[in-house]
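Student: Dumping the structure here so I can ask a few things about it.
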Amino acid sequence: MDGKARFRAFVAVVVVVLAGGVLYLVATVGAGVEVAWTLVSAVILASMALVVIAVILKERKELKSGFPKDDERSRAIRMRAGYLAFFISLYFLFGMSGVQTLLEDRQIASLPTAEWGMIYVAVMGSIFLAVHTYLNRKGVPA
Amino acid sequence: MRTRIKEFRARYDLTQEDLARKIGVRRETILFIENGKYVPSLKLAHDIAKVLKSSVDELFLFDKD
């Protein structure tokens with residue numbers, strides 16, 4: 001898939017996701033869900049739309065510049081960031097399971113497993129983004 | 001690692017953008033290689049040397065050399 005086709009596919013996915021979000025919002029309003037939750041969903045949807053618009057504008061500019069979207073340096077950064085994010089979040093997972101065990105031993109209420117999972121994914125994603133940004137600015141060590 | 005890419009670019013009146021376009025990489029990649037913050041693969045080093053009508057040996061200087 002070439003750059004333009006990939007960009008179009010990305011835009012299509014974004015449109016579908018945002019349209020789904022809007023439909024969900026309309027449905028929750030129709031179902032009489034508490035206004036506060038609808039507002040929270042609207043804020044999340046709006047921030048998603050803002051981020052996506054920024055990404056689309058950047059991608060469009062890069063596509064027009066004629067340079068490849070990624071090359072061996074950007075692939076090296078992605079690989080290094082993925083590798084580090086995976087191992088750092090594994091340590092985080094061990095730490096989390098320790099905390100969970102402690103909470104269970106002391107019979108203190110804890111988060112459900114699904115929510116721990118979401119926190120884990122969020123931490124992994126944040127570490128990836130942080131390492132990626134750092135390596136992109138400072139360079140990849142040889 | 002130090003490089004003489006900048007010097008050779010100036011010799012052929014090439015900007016970082018021109019060089020990046022000729023090789024098919026991003027401009028930042030050339031910038032990082034010139035500053036010694038990224039060590040290119042042998043293939044990329046060879047491509048740069050070819051465009052700058054030079055050799056890998058001439059362009060890339062390692063501290064032990």
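Naming works like this for the structure tokens: A, B, ... for the chains as they're shown, residue 1 at the start of each chain, ligands 1 onward in shown order.
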Counting only C-alpha atoms, which residues of chain A come no farther than 8 Å from chain B, as a PDB file with C-alpha atoms, in the first residue's frame?
Tutor:
```
ATOM      1  CA  GLY A  66       7.682  14.268  -1.139  1.00  0.00           C
ATOM      2  CA  PHE A  67       9.835  12.685   1.576  1.00  0.00           C
ATOM      3  CA  PRO A  68       9.113   9.099   2.611  1.00  0.00           C
ATOM      4  CA  LYS A  69       6.905   8.726   5.673  1.00  0.00           C
ATOM      5  CA  ASP A  70       9.419   6.462   7.303  1.00  0.00           C
ATOM      6  CA  ASP A  71      12.957   5.354   6.618  1.00  0.00           C
ATOM      7  CA  GLU A  72      15.590   3.243   8.366  1.00  0.00           C
ATOM      8  CA  ARG A  73      16.104   5.812  11.152  1.00  0.00           C
ATOM      9  CA  LYS A 138      18.184  13.037  20.897  1.00  0.00           C
ATOM     10  CA  GLY A 139      19.101  10.388  18.318  1.00  0.00           C
ATOM     11  CA  VAL A 140      19.347   6.616  18.431  1.00  0.00           C
ATOM     12  CA  PRO A 141      22.412   5.293  20.273  1.00  0.00           C
ATOM     13  CA  ALA A 142      24.587   3.082  18.046  1.00  0.00           C
TER      14      ALA A 142
END
```
Student: List as a list in words the protein and nucleic acid residues near stretch 46-48 of chain B, meaning an atom at most 9 Å away when only C-alpha atoms are counted, but skip any in the same chain fewer than 5 places from it.
Tutor: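 In the requested format, the answer is Ile5, Leu19, Ala20, Lys22, Ile23, Ser41, Lys53, Ser54, Ser55, Val56 and Leu59 of chain B.
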Student: If you keep C-alpha atoms, can you produce a file of those selected residues as an mmCIF file, in the first residue's frame?
Tutor:
```cif
data_model
loop_
_atom_site.group_PDB
_atom_site.id
_atom_site.type_symbol
_atom_site.label_atom_id
_atom_site.label_comp_id
_atom_site.auth_asym_id
_atom_site.auth_seq_id
_atom_site.Cartn_x
_atom_site.Cartn_y
_atom_site.Cartn_z
ATOM 1 C CA ILE B 5 28.935 14.773 4.661
ATOM 2 C CA LEU B 19 20.573 14.774 -0.507
ATOM 3 C CA ALA B 20 17.628 13.225 1.363
ATOM 4 C CA LYS B 22 18.231 11.676 -3.896
ATOM 5 C CA ILE B 23 18.670 8.853 -1.382
ATOM 6 C CA SER B 41 23.320 1.122 7.888
ATOM 7 C CA LYS B 53 30.908 10.691 -5.417
ATOM 8 C CA SER B 54 32.998 9.552 -2.496
ATOM 9 C CA SER B 55 33.600 6.415 -0.429
ATOM 10 C CA VAL B 56 32.237 5.299 2.937
ATOM 11 C CA LEU B 59 32.792 10.200 4.587
#
```
Student: Just the residues within 12 Å of A:Ala109, please, counting only C-alpha atoms, with nothing from its chain fewer than 6 positions along; format it as a list in words.
Tutor: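 Listing them by chain and then by number gives Val99, Gln100, Thr101, Leu102 and Leu103 of chain A.
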Student: Please compute the atom CA of A:Ala85-atom CA of A:Val121 distance, one decimal, in Å.
Tutor: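 One can read the atom CA of A:Ala85 to atom CA of A:Val121 distance as 10.4 Å.
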Student: Just how far from atom CA of A:Met124 is atom CA of A:Phe86, in Å to one decimal?
Tutor: 6.8 Å
Student: Residues at most 12 Å from stretch 8-14 of chain A, counting only C-alpha atoms, excluding those fewer than 4 positions away in the same chain, as a CSV table (one decimal) with C-alpha atoms, in the first residue's frame?
Tutor:
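Result went into out-v3.csv, see below:
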```
chain,number,residue,atom,x,y,z
A,1,MET,CA,0.0,0.0,0.0
A,2,ASP,CA,1.5,3.3,-1.0
A,3,GLY,CA,1.6,6.5,1.1
A,4,LYS,CA,-1.5,8.1,-0.4
A,18,LEU,CA,-15.8,9.7,15.0
A,19,ALA,CA,-19.1,9.0,13.4
A,20,GLY,CA,-19.6,6.1,15.8
A,21,GLY,CA,-18.8,8.4,18.7
A,45,LEU,CA,-14.8,12.8,21.5
A,48,MET,CA,-10.0,12.7,20.0
A,49,ALA,CA,-11.2,14.8,17.0
A,50,LEU,CA,-8.7,17.6,17.7
A,51,VAL,CA,-5.8,15.2,18.0
A,52,VAL,CA,-6.8,13.4,14.8
A,53,ILE,CA,-7.2,16.6,12.9
A,55,VAL,CA,-2.3,14.2,12.9
A,56,ILE,CA,-4.1,14.4,9.6
A,57,LEU,CA,-2.8,17.9,8.8
A,59,GLU,CA,0.5,13.6,7.6
A,60,ARG,CA,-0.9,15.7,4.7
A,63,LEU,CA,2.8,13.6,2.0
```
Student: Write out as a PyMOL selection string the set of residues from chain B that DSSP, computed on the backbone, places in strand (DSSP E or B).
Tutor: chain B and resi 2-3+60-61
Student: Quick one: DSSP helix (DSSP H, G or I) residues in chain A, as number ranges by chain?
Tutor: A: 3-30, 35-65, 72-105, 113-138
